[in-house]
$ cat coords_0.cif   # mmCIF, C-alpha atoms (C1' of nucleotides)
data_coords
loop_
_atom_site.label_atom_id
_atom_site.label_comp_id
_atom_site.auth_asym_id
_atom_site.auth_seq_id
_atom_site.Cartn_x
_atom_site.Cartn_y
_atom_site.Cartn_z
CA MET Z 824 172.82 12.56 131.43
CA ASP Z 825 169.16 12.40 132.38
CA LYS Z 826 167.92 15.74 133.59
CA LEU Z 827 167.12 16.17 137.23
CA TYR Z 828 164.16 18.22 138.39
CA THR Z 829 163.92 20.49 141.39
CA ILE Z 830 160.83 20.34 143.50
CA THR Z 831 159.46 23.62 142.22
CA GLU Z 832 159.93 22.68 138.61
CA LEU Z 833 157.66 19.72 139.22
CA THR Z 834 155.11 21.65 141.24
CA ARG Z 835 154.82 24.08 138.35
CA GLU Z 836 154.62 21.41 135.71
CA PHE Z 837 151.92 19.47 137.49
CA GLY Z 838 150.15 22.18 139.40
CA ILE Z 839 150.70 20.62 142.79
CA SER Z 840 152.37 21.88 145.95
CA THR Z 841 155.75 21.08 147.44
CA ARG Z 842 153.91 19.70 150.42
CA THR Z 843 152.22 17.20 148.15
CA LEU Z 844 155.50 16.00 146.69
CA ARG Z 845 157.06 15.64 150.12
CA PHE Z 846 153.99 13.76 151.20
CA TYR Z 847 154.43 11.37 148.29
CA GLU Z 848 158.02 10.87 149.32
CA ASP Z 849 157.01 10.15 152.91
CA GLU Z 850 154.58 7.62 151.51
CA GLY Z 851 157.40 5.91 149.68
CA LEU Z 852 156.07 6.63 146.21
CA VAL Z 853 158.98 8.69 144.93
CA HIS Z 854 162.65 8.58 145.91
CA PRO Z 855 164.41 11.78 144.91
CA GLU Z 856 168.17 12.05 145.32
CA ARG Z 857 169.64 14.68 147.57
CA ARG Z 858 172.20 17.30 146.89
CA GLY Z 859 172.82 18.41 150.45
CA ARG Z 860 169.30 18.37 151.77
CA THR Z 861 167.70 19.53 148.57
CA ARG Z 862 165.62 17.04 146.62
CA LEU Z 863 166.41 16.24 143.02
CA PHE Z 864 163.84 14.20 141.17
CA ARG Z 865 164.80 11.80 138.42
CA PRO Z 866 162.82 11.23 135.24
CA SER Z 867 161.55 7.98 136.73
CA ASP Z 868 160.18 9.93 139.69
CA ARG Z 869 158.53 12.27 137.27
CA ARG Z 870 156.79 9.42 135.50
CA ILE Z 871 155.64 8.03 138.81
CA ILE Z 872 154.18 11.39 139.70
CA GLN Z 873 152.20 11.34 136.47
CA ASN Z 874 150.88 7.94 137.42
CA ILE Z 875 149.95 9.12 140.88
CA LEU Z 876 148.04 12.07 139.50
CA ARG Z 877 146.21 9.88 137.06
CA GLY Z 878 145.24 7.51 139.83
CA ARG Z 879 144.18 10.45 141.92
CA ARG Z 880 141.89 11.76 139.21
CA ILE Z 881 140.26 8.35 139.02
CA GLY Z 882 139.70 8.51 142.74
CA PHE Z 883 142.19 5.92 143.91
CA THR Z 884 143.63 6.30 147.37
CA ILE Z 885 147.36 6.58 147.88
CA ALA Z 886 147.39 3.04 149.21
CA GLU Z 887 145.78 1.72 146.03
CA ILE Z 888 148.13 3.72 143.86
CA ARG Z 889 151.11 2.43 145.76
CA GLU Z 890 149.88 -1.10 145.34
CA ILE Z 891 149.68 -0.73 141.57
CA ILE Z 892 153.08 0.92 141.32
CA LEU Z 893 154.72 -1.79 143.39
CA ALA Z 894 152.97 -4.57 141.49
CA TYR Z 895 154.31 -3.05 138.33
CA ARG Z 896 157.93 -2.83 139.27
CA GLU Z 897 158.25 -5.76 141.65
CA PRO Z 898 156.03 -8.61 140.59
CA PRO Z 899 156.05 -11.11 143.45
CA GLY Z 900 157.97 -14.33 143.09
CA GLU Z 901 155.86 -16.60 145.19
CA LEU Z 902 152.98 -18.56 143.75
CA GLY Z 903 150.40 -17.65 146.35
CA GLN Z 904 151.25 -13.99 146.05
CA LEU Z 905 151.04 -14.15 142.28
CA ASN Z 906 147.59 -15.68 142.40
CA LEU Z 907 146.48 -13.15 144.94
CA MET Z 908 147.74 -10.41 142.67
CA LEU Z 909 145.89 -11.78 139.70
CA LYS Z 910 142.71 -11.75 141.72
CA ARG Z 911 143.24 -8.16 142.82
CA VAL Z 912 143.98 -7.12 139.25
CA THR Z 913 140.73 -8.63 138.06
CA GLU Z 914 138.83 -6.90 140.84
CA LYS Z 915 140.32 -3.52 140.13
CA ARG Z 916 139.66 -3.89 136.44
CA ASP Z 917 136.02 -4.75 137.05
CA GLU Z 918 135.76 -1.76 139.33
CA LEU Z 919 137.23 0.47 136.66
CA LYS Z 920 134.83 -0.81 134.06
CA GLN Z 921 131.95 -0.05 136.38
CA ARG Z 922 133.26 3.45 136.86
CA ARG Z 923 133.52 3.90 133.14
CA LYS Z 924 129.88 2.96 132.86
CA ASP Z 925 129.04 5.44 135.61
CA ILE Z 926 130.89 8.11 133.71
CA ASP Z 927 129.12 7.39 130.46
CA GLU Z 928 125.75 7.54 132.18
CA THR Z 929 126.62 10.80 133.84
CA ILE Z 930 127.77 12.29 130.56
CA THR Z 931 124.41 11.35 129.07
CA GLU Z 932 122.71 13.07 131.98
CA LEU Z 933 124.78 16.19 131.43
CA ASP Z 934 123.79 16.14 127.78
CA MET Z 935 120.16 16.16 128.82
CA ILE Z 936 120.68 19.04 131.23
CA GLU Z 937 122.41 20.96 128.48
CA GLU Z 938 119.58 20.33 126.09
CA GLN Z 939 117.00 21.58 128.59
CA ALA Z 940 119.06 24.67 129.20
CA LEU Z 941 119.44 25.38 125.50
CA THR Z 942 115.71 25.04 125.02
CA ARG Z 943 115.05 27.54 127.80
CA LEU Z 944 117.63 29.87 126.37
CA ALA Z 945 115.92 29.76 123.00
CA GLU Z 946 112.57 30.55 124.61
CA ILE Z 947 113.97 33.46 126.53
CA GLY Z 948 115.92 34.70 123.55
CA VAL Z 949 112.80 34.72 121.44
CA GLY Z 950 110.52 36.14 124.10
CA SER Z 951 112.65 39.12 125.12
CA MET X 615 100.10 3.69 145.31
CA ASP X 616 103.85 4.07 145.12
CA LYS X 617 105.61 2.00 147.69
CA LEU X 618 107.42 3.71 150.51
CA TYR X 619 110.75 2.45 151.80
CA THR X 620 112.01 2.35 155.35
CA ILE X 621 115.54 3.41 156.04
CA THR X 622 116.80 -0.12 156.60
CA GLU X 623 115.27 -1.42 153.41
CA LEU X 624 117.35 1.09 151.55
CA THR X 625 120.52 0.50 153.54
CA ARG X 626 120.21 -3.18 152.69
CA GLU X 627 119.45 -2.60 149.05
CA PHE X 628 122.35 -0.24 148.53
CA GLY X 629 124.80 -1.48 151.10
CA ILE X 630 125.07 1.83 152.91
CA SER X 631 124.46 2.81 156.52
CA THR X 632 121.56 4.64 158.11
CA ARG X 633 124.03 7.32 159.07
CA THR X 634 124.78 7.86 155.41
CA LEU X 635 121.12 8.27 154.51
CA ARG X 636 120.52 10.70 157.34
CA PHE X 637 123.57 12.58 156.24
CA TYR X 638 122.16 12.83 152.71
CA GLU X 639 118.95 14.19 154.18
CA ASP X 640 120.85 16.77 156.22
CA GLU X 641 122.57 17.77 153.00
CA GLY X 642 119.21 18.32 151.37
CA LEU X 643 119.62 15.58 148.78
CA VAL X 644 116.67 13.45 149.80
CA HIS X 645 113.41 14.46 151.47
CA PRO X 646 111.73 11.46 153.06
CA GLU X 647 108.25 11.86 154.51
CA ARG X 648 107.68 11.24 158.19
CA ARG X 649 105.26 8.98 159.88
CA GLY X 650 105.68 10.28 163.39
CA ARG X 651 109.41 10.72 163.52
CA THR X 652 110.21 7.77 161.30
CA ARG X 653 111.46 8.41 157.79
CA LEU X 654 109.68 6.99 154.79
CA PHE X 655 111.48 7.28 151.49
CA ARG X 656 109.61 7.69 148.23
CA PRO X 657 110.58 6.08 144.94
CA SER X 658 111.92 9.44 143.81
CA ASP X 659 114.21 9.48 146.84
CA ARG X 660 115.32 6.02 145.92
CA ARG X 661 116.27 7.11 142.44
CA ILE X 662 118.16 10.08 143.83
CA ILE X 663 120.11 7.75 146.08
CA GLN X 664 121.10 5.72 143.06
CA ASN X 665 122.35 8.89 141.42
CA ILE X 666 124.26 9.89 144.52
CA LEU X 667 125.98 6.54 144.69
CA ARG X 668 126.88 6.69 141.04
CA GLY X 669 128.36 10.14 141.51
CA ARG X 670 130.19 8.90 144.55
CA ARG X 671 131.78 6.05 142.63
CA ILE X 672 132.99 8.52 140.05
CA GLY X 673 134.53 10.54 142.84
CA PHE X 674 132.24 13.55 142.87
CA THR X 675 131.83 15.41 146.12
CA ILE X 676 128.42 15.81 147.69
CA ALA X 677 128.43 19.44 146.61
CA GLU X 678 128.98 18.49 142.99
CA ILE X 679 126.34 15.82 143.14
CA ARG X 680 123.87 18.24 144.62
CA GLU X 681 124.61 20.72 141.88
CA ILE X 682 123.84 18.17 139.18
CA ILE X 683 120.67 17.01 140.89
CA LEU X 684 119.42 20.55 141.30
CA ALA X 685 120.31 21.50 137.74
CA TYR X 686 118.33 18.55 136.58
CA ARG X 687 115.12 19.25 138.39
CA GLU X 688 115.19 23.04 138.57
CA PRO X 689 116.78 24.53 135.49
CA PRO X 690 117.30 28.22 136.26
CA GLY X 691 115.06 30.78 134.63
CA GLU X 692 117.46 33.65 134.34
CA LEU X 693 119.65 34.11 131.32
CA GLY X 694 122.92 34.67 133.16
CA GLN X 695 122.35 31.62 135.29
CA LEU X 696 121.53 29.53 132.25
CA ASN X 697 124.74 30.52 130.52
CA LEU X 698 126.72 29.87 133.66
CA MET X 699 125.15 26.45 133.87
CA LEU X 700 126.00 25.65 130.29
CA LYS X 701 129.60 26.54 131.00
CA ARG X 702 129.70 24.33 134.08
CA VAL X 703 128.13 21.46 132.16
CA THR X 704 130.80 21.69 129.50
CA GLU X 705 133.52 21.77 132.13
CA LYS X 706 132.18 18.76 133.95
CA ARG X 707 131.81 16.83 130.74
CA ASP X 708 135.40 17.55 129.75
CA GLU X 709 136.52 16.47 133.17
CA LEU X 710 134.59 13.23 132.81
CA LYS X 711 136.09 12.54 129.42
CA GLN X 712 139.54 13.00 130.89
CA ARG X 713 138.70 10.58 133.65
CA ARG X 714 137.51 8.05 131.14
CA LYS X 715 140.85 8.35 129.41
CA ASP X 716 142.59 7.89 132.74
CA ILE X 717 140.55 4.78 133.34
CA ASP X 718 141.34 3.30 129.95
CA GLU X 719 145.04 3.89 130.47
CA THR X 720 144.92 2.33 133.88
CA ILE X 721 143.09 -0.70 132.55
CA THR X 722 145.84 -1.11 129.98
CA GLU X 723 148.39 -0.94 132.76
CA LEU X 724 146.53 -3.59 134.71
CA ASP X 725 146.51 -5.78 131.63
CA MET X 726 150.28 -5.51 131.48
CA ILE X 727 150.66 -6.36 135.13
CA GLU X 728 148.44 -9.38 134.62
CA GLU X 729 150.48 -10.52 131.67
CA GLN X 730 153.71 -10.29 133.63
CA ALA X 731 152.17 -12.25 136.45
CA LEU X 732 150.88 -14.96 134.12
CA THR X 733 154.31 -15.29 132.58
CA ARG X 734 155.90 -15.74 135.99
CA LEU X 735 153.24 -18.23 136.92
CA ALA X 736 153.99 -20.26 133.83
CA GLU X 737 157.71 -20.25 134.64
CA ILE X 738 157.12 -21.35 138.18
CA GLY X 739 154.56 -23.92 137.14
CA VAL X 740 157.00 -25.47 134.69
CA GLY X 741 160.01 -25.23 136.96
CA SER X 742 158.50 -26.86 140.05
"C1'" DA K 615 104.75 -6.35 180.37
"C1'" DT K 616 108.88 -7.51 178.41
"C1'" DT K 617 111.69 -8.56 174.75
"C1'" DG K 618 113.74 -7.50 170.45
"C1'" DA K 619 114.16 -5.17 166.33
"C1'" DC K 620 114.24 -0.61 164.58
"C1'" DT K 621 114.41 4.19 164.86
"C1'" DT K 622 115.44 8.88 166.39
"C1'" DT K 623 118.50 12.86 167.80
"C1'" DT K 624 122.80 14.65 169.55
"C1'" DA K 625 127.35 14.86 169.51
"C1'" DC K 626 131.99 13.66 169.48
"C1'" DG K 627 135.51 10.67 166.71
"C1'" DT K 628 138.05 9.23 162.50
"C1'" DT K 629 140.64 9.07 158.16
"C1'" DA K 630 142.88 10.60 153.94
"C1'" DA K 631 145.31 13.99 151.69
"C1'" DG K 632 147.19 17.44 152.00
"C1'" DG K 633 147.36 23.02 153.99
"C1'" DT K 634 149.71 26.28 156.77
"C1'" DC K 635 153.13 28.22 159.64
"C1'" DA K 636 157.44 28.80 162.05
"C1'" DA K 637 162.20 28.19 162.43
"C1'" DT K 638 166.32 26.98 160.10
"C1'" DA K 639 169.58 25.92 156.39
"C1'" DG K 640 171.80 26.27 151.89
"C1'" DA K 641 172.46 28.51 147.44
"C1'" DA K 642 172.97 32.13 144.58
"C1'" DT K 643 173.72 36.84 143.44
"C1'" DG K 644 175.11 41.59 143.84
"C1'" DC C 892 180.20 39.14 152.81
"C1'" DA C 893 175.46 40.33 153.22
"C1'" DT C 894 171.33 39.71 151.37
"C1'" DT C 895 167.83 37.31 149.11
"C1'" DC C 896 165.71 33.31 147.39
"C1'" DT C 897 164.37 28.83 147.78
"C1'" DA C 898 164.21 24.41 150.39
"C1'" DT C 899 163.74 21.67 154.48
"C1'" DT C 900 161.82 19.88 158.71
"C1'" DG C 901 158.42 19.54 162.18
"C1'" DA C 902 154.29 20.55 163.99
"C1'" DC C 903 149.76 21.31 164.24
"C1'" DC C 904 145.39 22.41 161.31
"C1'" DT C 905 141.62 21.45 157.93
"C1'" DT C 906 137.78 19.32 155.26
"C1'" DA C 907 134.65 15.84 153.54
"C1'" DA C 908 132.05 12.01 154.46
"C1'" DC C 909 130.76 9.51 157.18
"C1'" DG C 910 131.58 6.13 161.94
"C1'" DT C 911 130.28 5.35 166.49
"C1'" DA C 912 128.27 5.65 170.87
"C1'" DA C 913 124.70 7.22 174.08
"C1'" DA C 914 120.12 7.83 175.47
"C1'" DA C 915 115.55 7.39 174.42
"C1'" DG C 916 111.24 6.56 171.59
"C1'" DT C 917 108.05 3.04 168.68
"C1'" DC C 918 105.86 -1.02 167.68
"C1'" DA C 919 104.88 -5.89 166.98
"C1'" DA C 920 105.21 -10.23 168.98
"C1'" DT C 921 105.70 -13.26 172.75
#

$ encode --input "coords_0.cif" --output "structure tokens"
Amino acid sequence: MDKLYTITELTREFGISTRTLRFYEDEGLVHPERRGRTRLFRPSDRRIIQNILRGRRIGFTIAEIREIILAYREPPGELGQLNLMLKRVTEKRDELKQRRKDIDETITELDMIEEQALTRLAEIGVGS
Amino acid sequence: MDKLYTITELTREFGISTRTLRFYEDEGLVHPERRGRTRLFRPSDRRIIQNILRGRRIGFTIAEIREIILAYREPPGELGQLNLMLKRVTEKRDELKQRRKDIDETITELDMIEEQALTRLAEIGVGS
DNA sequence: ATTGACTTTTACGTTAAGGTCAATAGAATG
DNA sequence: CATTCTATTGACCTTAACGTAAAAGTCAAT
């Protein structure tokens, strides 16, 4: 029977606006049914929204997110396209690994800032 | 004697435009000297640019990047400010850990897409 | 002295990802 | 049935992070 979600249910669950969901529909990322004019989102749409938000947090553009979603559910049949896709996958993965490195380095930097701040706090705490 | 860099040296090294570097100066992130009107970037500016680009890859805004840079070189003296900073550091670190999780999940997804594509390739390769 | 490579400032243009607002339409509830 | 939510569509608006173009200065080399 697969529950259907109204637009506001999803905005509340994910902390996004109705405008955002309609925008994702315009962009062809989700395809809610309609009862009259009202949108009803299927569980599959809900999962796609989760994917979109994850991609968004990483910093992917909508175009990149769409590309991944499409690649996932409609792997191309033609040889050239398949090879192209494999290349793009490798590129994206390398990019992601680089970003992971960036993140680790930044976390280290934050640790250092924290340490400095704690030291100063201790000094002030003692001195006052 | 600390080498100084011209703007184009840096644009070439980092693959960014002069406009971008001037923008970063307007934003108060770098402070090149001037010989006449021409900018001359110090090694410290160069390192800051590397940090900016790393933050950019992660998806931080200029405002966030500036905040981290400032926190690093001018830890606040006042107690309230220090505590505030510690809170913000913790927040940012949590955010970064979430993003790393997002990245790992996305890499897994890419692996699956690749696998599918390789399977199809094998089928086609055999069939033709 | 002119060319060519760079550089500067000023200022308007662009793009992505929504925000915001107005007018209208259904749905639900008393 | 009237009212009250909630949704929809369409339109224009916004912000960050630069792009781009114009007009002019600098400096070394030809």

$ residues_around --input "coords_0.cif" --residues "region 624-639 of chain K" --least-positions-apart "3" --cutoff "12 Å" --atoms "all atoms listed in the file" --output "PyMOL selection string"
(chain Z and resi 839-847+850+859-861+879+882-886) or (chain C and resi 897-915)

$ write_last_selection --input "coords_0.cif" --atoms "C-alpha atoms (C1' of nucleotides)" --output "short mmCIF file (atom, residue, chain, number, x, y, z; two decimals), keeping the file's coordinate frame"
data_model
loop_
_atom_site.label_atom_id
_atom_site.label_comp_id
_atom_site.auth_asym_id
_atom_site.auth_seq_id
_atom_site.Cartn_x
_atom_site.Cartn_y
_atom_site.Cartn_z
CA ILE Z 839 150.70 20.62 142.79
CA SER Z 840 152.37 21.88 145.95
CA THR Z 841 155.75 21.08 147.44
CA ARG Z 842 153.91 19.70 150.42
CA THR Z 843 152.22 17.20 148.15
CA LEU Z 844 155.50 16.00 146.69
CA ARG Z 845 157.06 15.64 150.12
CA PHE Z 846 153.99 13.76 151.20
CA TYR Z 847 154.43 11.37 148.29
CA GLU Z 850 154.58 7.62 151.51
CA GLY Z 859 172.82 18.41 150.45
CA ARG Z 860 169.30 18.37 151.77
CA THR Z 861 167.70 19.53 148.57
CA ARG Z 879 144.18 10.45 141.92
CA GLY Z 882 139.70 8.51 142.74
CA PHE Z 883 142.19 5.92 143.91
CA THR Z 884 143.63 6.30 147.37
CA ILE Z 885 147.36 6.58 147.88
CA ALA Z 886 147.39 3.04 149.21
"C1'" DT C 897 164.37 28.83 147.78
"C1'" DA C 898 164.21 24.41 150.39
"C1'" DT C 899 163.74 21.67 154.48
"C1'" DT C 900 161.82 19.88 158.71
"C1'" DG C 901 158.42 19.54 162.18
"C1'" DA C 902 154.29 20.55 163.99
"C1'" DC C 903 149.76 21.31 164.24
"C1'" DC C 904 145.39 22.41 161.31
"C1'" DT C 905 141.62 21.45 157.93
"C1'" DT C 906 137.78 19.32 155.26
"C1'" DA C 907 134.65 15.84 153.54
"C1'" DA C 908 132.05 12.01 154.46
"C1'" DC C 909 130.76 9.51 157.18
"C1'" DG C 910 131.58 6.13 161.94
"C1'" DT C 911 130.28 5.35 166.49
"C1'" DA C 912 128.27 5.65 170.87
"C1'" DA C 913 124.70 7.22 174.08
"C1'" DA C 914 120.12 7.83 175.47
"C1'" DA C 915 115.55 7.39 174.42
#

$ atom_distance --input "coords_0.cif" --atom1 "CA of Glu688 (chain X)" --atom2 "CA of Gln921 (chain Z)"
28.6 Å

$ axis_aligned_box --input "coords_0.cif" --around "region 907-910 of chain C" --padding-each-side "6 Å" --output "lines of an AutoDock Vina configuration file"
center_x = 132.7
center_y = 11.0
center_z = 157.7
size_x = 15.9
size_y = 21.7
size_z = 20.4

$ resolve_selection --input "coords_0.cif" --expression "the PyMOL selection byres ((chain Z) within 10 of (chain X))" --output "PyMOL selection string"
chain Z and resi 874+876-883+891-892+894-896+898-906+908-913+915-941+943-944+947-948

$ calpha_fit_and_write --input "coords_0.cif" --fixed "chain X" --moving "chain Z" --output "JSON list (two decimals) with C-alpha atoms, keeping the file's coordinate frame"
[["chain", "number", "residue", "atom", "x", "y", "z"],
["Z", 824, "MET", "CA", 100.11, 3.66, 145.46],
["Z", 825, "ASP", "CA", 103.86, 4.01, 145.11],
["Z", 826, "LYS", "CA", 105.67, 1.92, 147.66],
["Z", 827, "LEU", "CA", 107.45, 3.64, 150.48],
["Z", 828, "TYR", "CA", 110.78, 2.41, 151.78],
["Z", 829, "THR", "CA", 112.02, 2.32, 155.34],
["Z", 830, "ILE", "CA", 115.54, 3.40, 156.03],
["Z", 831, "THR", "CA", 116.80, -0.12, 156.61],
["Z", 832, "GLU", "CA", 115.29, -1.44, 153.43],
["Z", 833, "LEU", "CA", 117.37, 1.10, 151.55],
["Z", 834, "THR", "CA", 120.53, 0.50, 153.54],
["Z", 835, "ARG", "CA", 120.25, -3.18, 152.68],
["Z", 836, "GLU", "CA", 119.49, -2.59, 149.05],
["Z", 837, "PHE", "CA", 122.39, -0.23, 148.54],
["Z", 838, "GLY", "CA", 124.84, -1.45, 151.12],
["Z", 839, "ILE", "CA", 125.09, 1.84, 152.94],
["Z", 840, "SER", "CA", 124.45, 2.83, 156.54],
["Z", 841, "THR", "CA", 121.53, 4.66, 158.11],
["Z", 842, "ARG", "CA", 123.98, 7.35, 159.09],
["Z", 843, "THR", "CA", 124.77, 7.88, 155.43],
["Z", 844, "LEU", "CA", 121.12, 8.28, 154.49],
["Z", 845, "ARG", "CA", 120.52, 10.73, 157.32],
["Z", 846, "PHE", "CA", 123.58, 12.60, 156.22],
["Z", 847, "TYR", "CA", 122.17, 12.85, 152.71],
["Z", 848, "GLU", "CA", 118.96, 14.18, 154.16],
["Z", 849, "ASP", "CA", 120.83, 16.78, 156.21],
["Z", 850, "GLU", "CA", 122.56, 17.77, 153.01],
["Z", 851, "GLY", "CA", 119.21, 18.33, 151.36],
["Z", 852, "LEU", "CA", 119.62, 15.59, 148.78],
["Z", 853, "VAL", "CA", 116.66, 13.44, 149.79],
["Z", 854, "HIS", "CA", 113.40, 14.44, 151.46],
["Z", 855, "PRO", "CA", 111.72, 11.44, 153.04],
["Z", 856, "GLU", "CA", 108.25, 11.80, 154.52],
["Z", 857, "ARG", "CA", 107.68, 11.14, 158.18],
["Z", 858, "ARG", "CA", 105.27, 8.86, 159.88],
["Z", 859, "GLY", "CA", 105.73, 10.11, 163.42],
["Z", 860, "ARG", "CA", 109.46, 10.60, 163.46],
["Z", 861, "THR", "CA", 110.24, 7.65, 161.27],
["Z", 862, "ARG", "CA", 111.49, 8.32, 157.76],
["Z", 863, "LEU", "CA", 109.69, 6.92, 154.75],
["Z", 864, "PHE", "CA", 111.48, 7.24, 151.45],
["Z", 865, "ARG", "CA", 109.61, 7.65, 148.20],
["Z", 866, "PRO", "CA", 110.60, 6.06, 144.91],
["Z", 867, "SER", "CA", 111.93, 9.43, 143.80],
["Z", 868, "ASP", "CA", 114.22, 9.48, 146.84],
["Z", 869, "ARG", "CA", 115.35, 6.03, 145.92],
["Z", 870, "ARG", "CA", 116.30, 7.13, 142.43],
["Z", 871, "ILE", "CA", 118.17, 10.08, 143.83],
["Z", 872, "ILE", "CA", 120.10, 7.77, 146.09],
["Z", 873, "GLN", "CA", 121.13, 5.74, 143.06],
["Z", 874, "ASN", "CA", 122.35, 8.91, 141.44],
["Z", 875, "ILE", "CA", 124.28, 9.91, 144.53],
["Z", 876, "LEU", "CA", 126.00, 6.55, 144.69],
["Z", 877, "ARG", "CA", 126.90, 6.72, 141.05],
["Z", 878, "GLY", "CA", 128.37, 10.16, 141.52],
["Z", 879, "ARG", "CA", 130.21, 8.93, 144.55],
["Z", 880, "ARG", "CA", 131.79, 6.08, 142.64],
["Z", 881, "ILE", "CA", 133.00, 8.56, 140.06],
["Z", 882, "GLY", "CA", 134.55, 10.57, 142.84],
["Z", 883, "PHE", "CA", 132.25, 13.56, 142.88],
["Z", 884, "THR", "CA", 131.83, 15.42, 146.13],
["Z", 885, "ILE", "CA", 128.42, 15.83, 147.69],
["Z", 886, "ALA", "CA", 128.43, 19.46, 146.63],
["Z", 887, "GLU", "CA", 129.00, 18.51, 143.00],
["Z", 888, "ILE", "CA", 126.34, 15.84, 143.14],
["Z", 889, "ARG", "CA", 123.88, 18.26, 144.64],
["Z", 890, "GLU", "CA", 124.64, 20.74, 141.91],
["Z", 891, "ILE", "CA", 123.85, 18.21, 139.20],
["Z", 892, "ILE", "CA", 120.67, 17.05, 140.89],
["Z", 893, "LEU", "CA", 119.41, 20.59, 141.32],
["Z", 894, "ALA", "CA", 120.33, 21.55, 137.76],
["Z", 895, "TYR", "CA", 118.33, 18.60, 136.60],
["Z", 896, "ARG", "CA", 115.13, 19.30, 138.42],
["Z", 897, "GLU", "CA", 115.20, 23.08, 138.60],
["Z", 898, "PRO", "CA", 116.80, 24.55, 135.52],
["Z", 899, "PRO", "CA", 117.33, 28.24, 136.25],
["Z", 900, "GLY", "CA", 115.10, 30.80, 134.60],
["Z", 901, "GLU", "CA", 117.49, 33.66, 134.30],
["Z", 902, "LEU", "CA", 119.69, 34.14, 131.28],
["Z", 903, "GLY", "CA", 122.94, 34.70, 133.11],
["Z", 904, "GLN", "CA", 122.37, 31.65, 135.25],
["Z", 905, "LEU", "CA", 121.55, 29.55, 132.22],
["Z", 906, "ASN", "CA", 124.75, 30.54, 130.49],
["Z", 907, "LEU", "CA", 126.72, 29.90, 133.62],
["Z", 908, "MET", "CA", 125.15, 26.47, 133.83],
["Z", 909, "LEU", "CA", 126.00, 25.66, 130.26],
["Z", 910, "LYS", "CA", 129.60, 26.54, 130.97],
["Z", 911, "ARG", "CA", 129.70, 24.34, 134.06],
["Z", 912, "VAL", "CA", 128.13, 21.48, 132.14],
["Z", 913, "THR", "CA", 130.79, 21.70, 129.48],
["Z", 914, "GLU", "CA", 133.51, 21.77, 132.11],
["Z", 915, "LYS", "CA", 132.19, 18.77, 133.95],
["Z", 916, "ARG", "CA", 131.80, 16.84, 130.74],
["Z", 917, "ASP", "CA", 135.38, 17.56, 129.72],
["Z", 918, "GLU", "CA", 136.51, 16.47, 133.15],
["Z", 919, "LEU", "CA", 134.58, 13.24, 132.81],
["Z", 920, "LYS", "CA", 136.07, 12.53, 129.43],
["Z", 921, "GLN", "CA", 139.52, 13.02, 130.88],
["Z", 922, "ARG", "CA", 138.70, 10.61, 133.65],
["Z", 923, "ARG", "CA", 137.49, 8.08, 131.14],
["Z", 924, "LYS", "CA", 140.83, 8.35, 129.40],
["Z", 925, "ASP", "CA", 142.59, 7.89, 132.73],
["Z", 926, "ILE", "CA", 140.54, 4.79, 133.35],
["Z", 927, "ASP", "CA", 141.30, 3.31, 129.97],
["Z", 928, "GLU", "CA", 145.01, 3.89, 130.47],
["Z", 929, "THR", "CA", 144.91, 2.32, 133.88],
["Z", 930, "ILE", "CA", 143.06, -0.70, 132.56],
["Z", 931, "THR", "CA", 145.80, -1.12, 129.97],
["Z", 932, "GLU", "CA", 148.36, -0.95, 132.74],
["Z", 933, "LEU", "CA", 146.50, -3.60, 134.71],
["Z", 934, "ASP", "CA", 146.47, -5.79, 131.63],
["Z", 935, "MET", "CA", 150.23, -5.52, 131.46],
["Z", 936, "ILE", "CA", 150.64, -6.38, 135.13],
["Z", 937, "GLU", "CA", 148.41, -9.38, 134.62],
["Z", 938, "GLU", "CA", 150.42, -10.53, 131.67],
["Z", 939, "GLN", "CA", 153.68, -10.30, 133.62],
["Z", 940, "ALA", "CA", 152.14, -12.24, 136.45],
["Z", 941, "LEU", "CA", 150.85, -14.95, 134.15],
["Z", 942, "THR", "CA", 154.27, -15.30, 132.58],
["Z", 943, "ARG", "CA", 155.87, -15.74, 136.00],
["Z", 944, "LEU", "CA", 153.21, -18.22, 136.96],
["Z", 945, "ALA", "CA", 153.94, -20.26, 133.87],
["Z", 946, "GLU", "CA", 157.65, -20.26, 134.66],
["Z", 947, "ILE", "CA", 157.08, -21.34, 138.21],
["Z", 948, "GLY", "CA", 154.52, -23.91, 137.19],
["Z", 949, "VAL", "CA", 156.95, -25.45, 134.75],
["Z", 950, "GLY", "CA", 159.98, -25.24, 137.00],
["Z", 951, "SER", "CA", 158.47, -26.84, 140.10]]

$ residues_around --input "coords_0.cif" --residues "DG618 (chain K)" --least-positions-apart "2" --cutoff "10 Å" --atoms "all atoms listed in the file" --output "PyMOL selection string"
(chain K and resi 616+620) or (chain C and resi 919-920)

$ write_last_selection --input "coords_0.cif" --atoms "C-alpha atoms (C1' of nucleotides)" --output "tab-separated table (two decimals), keeping the file's coordinate frame"
chain	number	residue	atom	x	y	z
K	616	DT	C1'	108.88	-7.51	178.41
K	620	DC	C1'	114.24	-0.61	164.58
C	919	DA	C1'	104.88	-5.89	166.98
C	920	DA	C1'	105.21	-10.23	168.98

$ atom_distance --input "coords_0.cif" --atom1 "CA of Arg865 (chain Z)" --atom2 "CA of Lys826 (chain Z)"
7.0 Å

$ atom_distance --input "coords_0.cif" --atom1 "C1' of DA619 (chain K)" --atom2 "CA of Phe655 (chain X)"
19.6 Å

$ resolve_selection --input "coords_0.cif" --expression "the PyMOL selection byres ((chain C and resi 916) around 8)" --output "PDB file with C-alpha atoms (C1' of nucleotides), keeping the file's coordinate frame"
ATOM      1  C1'  DT K 621     114.410   4.190 164.860  1.00  0.00           C
ATOM      2  C1'  DT K 622     115.440   8.880 166.390  1.00  0.00           C
TER       3       DT K 622
ATOM      4  C1'  DA C 915     115.550   7.390 174.420  1.00  0.00           C
ATOM      5  C1'  DT C 917     108.050   3.040 168.680  1.00  0.00           C
TER       6       DT C 917
END
